[in-house]
Every structure is written in C-alpha cells, then in structure tokens.
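Peer 1: What follows is a single structure, and I will ask about it in a moment.
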Amino acid sequence: RMHDTLALRGRIVTFRDNPFVTDPIAALHHEEDGLLIIRDGRIERVGAYADTLPHLPDGTQVAHYPGCLISAGFVDTHVHYPQLPMIAAYGEQLLEWLERYTFPTESRFRDPAYAHDIARRFLAELLRCGTTTAAVFCTVHPQSVEAFFTESERLNTLMIAGKVLMDRNAPPDLRDTAQGGYDDSLALMERWHGRGRQMYAVTPRFAPTSSEEQLELAGALLARDDSVFMQTHLAENVDEVAWVRELFPARRSYLDVYAHAGLVRPRAILGHAIHVDEPDLATCHDSGCTLAHCPTSNLFLGSGSFRLFDAMDPRRPVRVGLGTDIGAGTSLSQLQSLNEAYKIAQATGHRLHPAQAFWLATAGGARALHLDHRIGTIAPGMEADLCILDPAATPLQALRAQSCDSISDLLFSLMMLGDDRSIRATYVAGRLVHERA
Ligand code: GUN
Ligand code: ZN
C-alpha cells in the first residue's frame, strides 16, 4: 500500500563499490546494528540503529531480525520459468536434454491455465529463495508471457521477460515464423514494457532455432526502443558451437551471429558464454552487453567452465550477472549458485571472495541489467526489494556461524551452506511477500 512506512532492524550488508575493482572488504558496507526506514516502497533512510531511530515516525512498526543480515534482494539474470516442472532431468547434455525433456515440457504452455499455475509457483519459489528480480524466458506461446507478467504484476516484482522466438529446428508445435514472432513480440512489448515494474526482453532462444531472418527482425524490434532487453544463449556446449558454425559459416564466431543482427548491445543478456575467445570478450566489453554466469546449470549439463575472472578482467571488464538457469540449473537459490561459482573458480585457478560473490548476486546483477539506480543496494532512494538472511538456519549452520569472526566469514558460510532455508523473509517494494515458517 502507498504512504506506508515501515522499518527493519538487523545487520545490514550492502555494497559501496565494485569488489572486483577495489579491495573486496572495502567495497562491502556493513552495519552491525542497523535500521532501515521504508516509505512508499522505497528506502528513505538507513544507518546505525541509534543514529536512525530519532528519524522514525511515531507509531512505525519495526520488524526486528536479530542475528540476521538485511541484504538487497537477489538478482537472477538467466532463468526459464516454464522449466520449473522439469528441474533435475536425468542424463543428457544440452542438445539431447532440450529434445528429450525441455521441448515436451514447454509444449504444455499452449494452455493459459497451466502457464498461470506454473508462473505463480515459479514466482513463489523465487521469493522463497530471496530473489526479487529475474530475467526470465517464457515459451514460444504469447499466452505464456501474458501469464507470467500478470502474476508478476500482482506481486509487484520487478521482472524482465519475453516470448521465445524459435522458427526452425524445433518441434512444429513450438515453432513460430519470423514475421509471426515479430508481431507477437511487438504486441507484448507494447502491452507490458514499462507497465508498473514489468520490462520486456526480445528473446530468440539461441542461434540454432532462429533463421537469419528471425534474428534480423529481433534486431529490428530492439532498434525501436533502447530500454528493451534482449536475452538468448551463447556458446554453452561444444556440439552446439559446432552446429552454429555449420548453420552460419560466414560468421567469425557464435557471438558474431548475434552481433551481425544488431542484438549485441547494452541490455543484451547472453547466457553461459563458456566457449568464447578473447576477440569475443573484447566485443562484449565494447558493446556493453551482459554475460550470465550459470554455475549450477553448467555443471549439471557438463557444459564447461565459464571464465569469470577473464570476463571481469579490469583491463576490459565485461558486465556479468549470475543466473540459475532453471531447469538446467539445479536450484533457484542464488546462494547455491554462489556455492558452485566458488568451486568453478577454484577449479580454474581463481578465488571468488565472498564479497565478490554477494556483489554478483545483488549490486553486480543489478548493474549487469542496467538497473543499479533502482535495485541491488541498500541506500536512500532505492526500491525496497530486500531479503533477510539467517546464517543459523540449521543446527550445523548455527554451529558454523559461532566460529565466524568477520562478516566475510559469515557471508562465506552462507554461500557454501545456505539455500532457501536461509531466507528468513523477503520484501518487494517494501511489502513482506515471504516469511519462513
Ligand atoms: N540453449 C537453448 N535453449 C536452452 C535452454 O532452455 N536451456 C539451456 N541451458 N540452454 C539452452
Ligand atoms: Zn537458459
């Protein structure tokens, strides 16, 4: 409700800087006993409890979370809501996995009632995991987009979503046409982009399932409006990369297929980007596009290791966000994504500091989506999308938390041991939308 004021008390954790560029500890801002005042869905004031209390309007409710951390809500930069029912499908790598499990599941979204049901469950799961913003693939059916945005609007969550474009190399009932996909996307874009907190993403599934004409028309849609997003998949799997080379022999690389069609630009989110080379990363830097690191998915499908620290090289940094990529991903919890991101870094000779990790899941994700002026940090004027993290959600975690003597240690134990149970509560635009039982 508007004109509502509420306040949260707890240990506040947020970022004042980019921990991939400056000292990670210095980039992290931490208020041991903090108070946060929210008015009309935005953060009005934040600081030490003792300093901020005098500014609290008389009669304001204070939700106190002793022992918990108050963080910006998590940002998931790559996820498929229609794949929620087929999470954890056994035994295949990407191309066979799509044929055998993904396409049959996505066929069901022709039915609007089914789409609404799964959209509602998906958004509830996201909020249970502390994720308040996501870039979401729907299916080829316009009604799957309508269902998703309707449910998101009801929750007032800030979501990016779009209709999958797919006019070849897919089952007939999941194919659109270049012109039909353009027309349906344009109608959805005009209906939903910028309506409340909803935003549209032009969504060609990936190069193998779109004709050159469809990719060109996706570029034409984007050329109409700089504020519209683009999302797709890039160089996830070696067989996929070989197939794209056959389908587009004139292009220097997989990325170049998209660049040629005008799809590589700010607010373009490319999932995976595992099998890319240095010229590709230079193109990403120059164009201002975003790569989505999807750790649990890349391990689950055996796709390979995303080179996070190469991508984020301060000499030519590329924007990177974190994606769960459900249903190829195995958890909607960004804490679980960070767990696997840490191990991938270890296996590739790098060390992902907990401050860097939590930045990727919050402020960095918001920046990767060009939304850092609205979400991702806790500061006056920001939209109050928050999650309350409990570092002692289980007996083992409570034991581990006892021997954490710094905020970095505590964040690290949360990202290695935490999941949905770690989310004590979630707020969307200042409204409590999830509270752990
Ligand atoms: N590439 C094309 N479609 C998909 C998808 O649905 N999931 C993943 N992980 N990769 C894809
Ligand atoms: Zn994906």
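Every chain in the structure tokens has a letter given in the order shown (A, B, ...), and although residue numbers restart at 1 in each chain, ligands are simply numbered from 1 in the order shown.
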Pick out each residue of region 33-271 of chain A that DSSP on the backbone tags as alpha helix (DSSP H); I need them as JSON, numbers by chain.

Peer 2: {"A": [49, 50, 51, 52, 94, 95, 96, 97, 103, 104, 105, 106, 107, 112, 113, 114, 115, 116, 117, 118, 119, 120, 121, 122, 123, 124, 125, 126, 127, 128, 142, 143, 144, 145, 146, 147, 148, 149, 150, 151, 152, 153, 154, 155, 178, 179, 180, 181, 182, 183, 184, 185, 186, 187, 188, 189, 190, 191, 192, 212, 213, 214, 215, 216, 217, 218, 219, 220, 221, 222, 223, 238, 239, 240, 241, 242, 243, 244, 245, 246, 247, 254, 255, 256, 257, 258, 259, 260]}

Peer 1: Dump the neighbourhood of ligand 2 as a list in words: all residues within 10 Å, distances computed on only C-alpha atoms and all ligand atoms.

Peer 2: Thr77, His78, Val79, His80, Gln83, Val136, Phe137, Arg205, Phe206, Gln231, Thr232, His233, Leu234, Glu236, Leu270, Gly271, His272, Ala292, Cys294, Ser297, Gly323, Thr324, Asp325, Ile326, Gly327, Ala328 and Gly329 of chain A

Peer 1: Can those selected residues be exported to a file as a compact mmCIF listing (two decimals), in the first residue's frame so that it contains C-alpha atoms?

Peer 2:
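File result-v3.txt, as written:
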# COMPACT_ATOMS: atom_id res chain seq x y z
CA THR A 77 19.96 -12.79 -14.77
CA HIS A 78 19.02 -16.01 -16.62
CA VAL A 79 16.18 -18.41 -15.83
CA HIS A 80 13.34 -20.27 -17.60
CA GLN A 83 11.16 -25.41 -16.98
CA VAL A 136 13.01 -14.82 -17.49
CA PHE A 137 12.48 -16.89 -20.62
CA ARG A 205 16.11 -18.90 -27.84
CA PHE A 206 19.55 -19.40 -29.45
CA GLN A 231 18.15 -12.36 -23.90
CA THR A 232 19.49 -15.52 -25.51
CA HIS A 233 22.07 -18.31 -25.09
CA LEU A 234 25.68 -18.13 -26.29
CA GLU A 236 27.18 -23.11 -23.90
CA LEU A 270 23.85 -13.68 -23.17
CA GLY A 271 23.60 -16.87 -21.11
CA HIS A 272 26.61 -19.12 -20.47
CA ALA A 292 25.08 -14.52 -17.43
CA CYS A 294 25.09 -20.06 -14.74
CA SER A 297 23.50 -25.44 -14.94
CA GLY A 323 21.88 -16.99 -13.45
CA THR A 324 20.26 -20.10 -12.00
CA ASP A 325 19.11 -21.23 -15.49
CA ILE A 326 16.34 -23.48 -14.13
CA GLY A 327 15.57 -26.21 -15.42
CA ALA A 328 19.17 -26.94 -16.46
CA GLY A 329 20.20 -25.30 -13.20

Peer 1: Which residue, A:Asp225, A:Glu340, A:Asp51, A:Asp256, has the smallest gap to Ser305 (chain A) when you use only C-alpha atoms?

Peer 2: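 Among the listed residues, the smallest separation from Ser305 (chain A) belongs to A:Glu340.
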
Peer 1: As an exercise, work out the distance from CA of Cys289 (chain A) to CA of Ala268 (chain A) in Å and give it to one decimal place.

Peer 2: 5.1 Å

Peer 1: With only C-alpha atoms as the atoms that count, which of A:Leu335, A:Val202, A:Val241, A:Ala7 lies nearest to Asp419 (chain A)?

Peer 2: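 Answer, going by the shortest atom-to-atom distance: A:Leu335.
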
Peer 1: Determine the nearest neighbour of ligand 1 from the options A:Thr203, A:Gln397, A:Thr348, A:Ser227, counting only C-alpha atoms and all ligand atoms.

Peer 2: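 Once distances to ligand 1 are computed over only C-alpha atoms and all ligand atoms, the minimum belongs to A:Thr203.
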
Peer 1: Write out as a PyMOL selection string the set of residues from region 178-332 of chain A that DSSP, computed on the backbone, places in strand (DSSP E or B).

Peer 2: chain A and resi 198-204+229-234+268-272+290-293+319-322
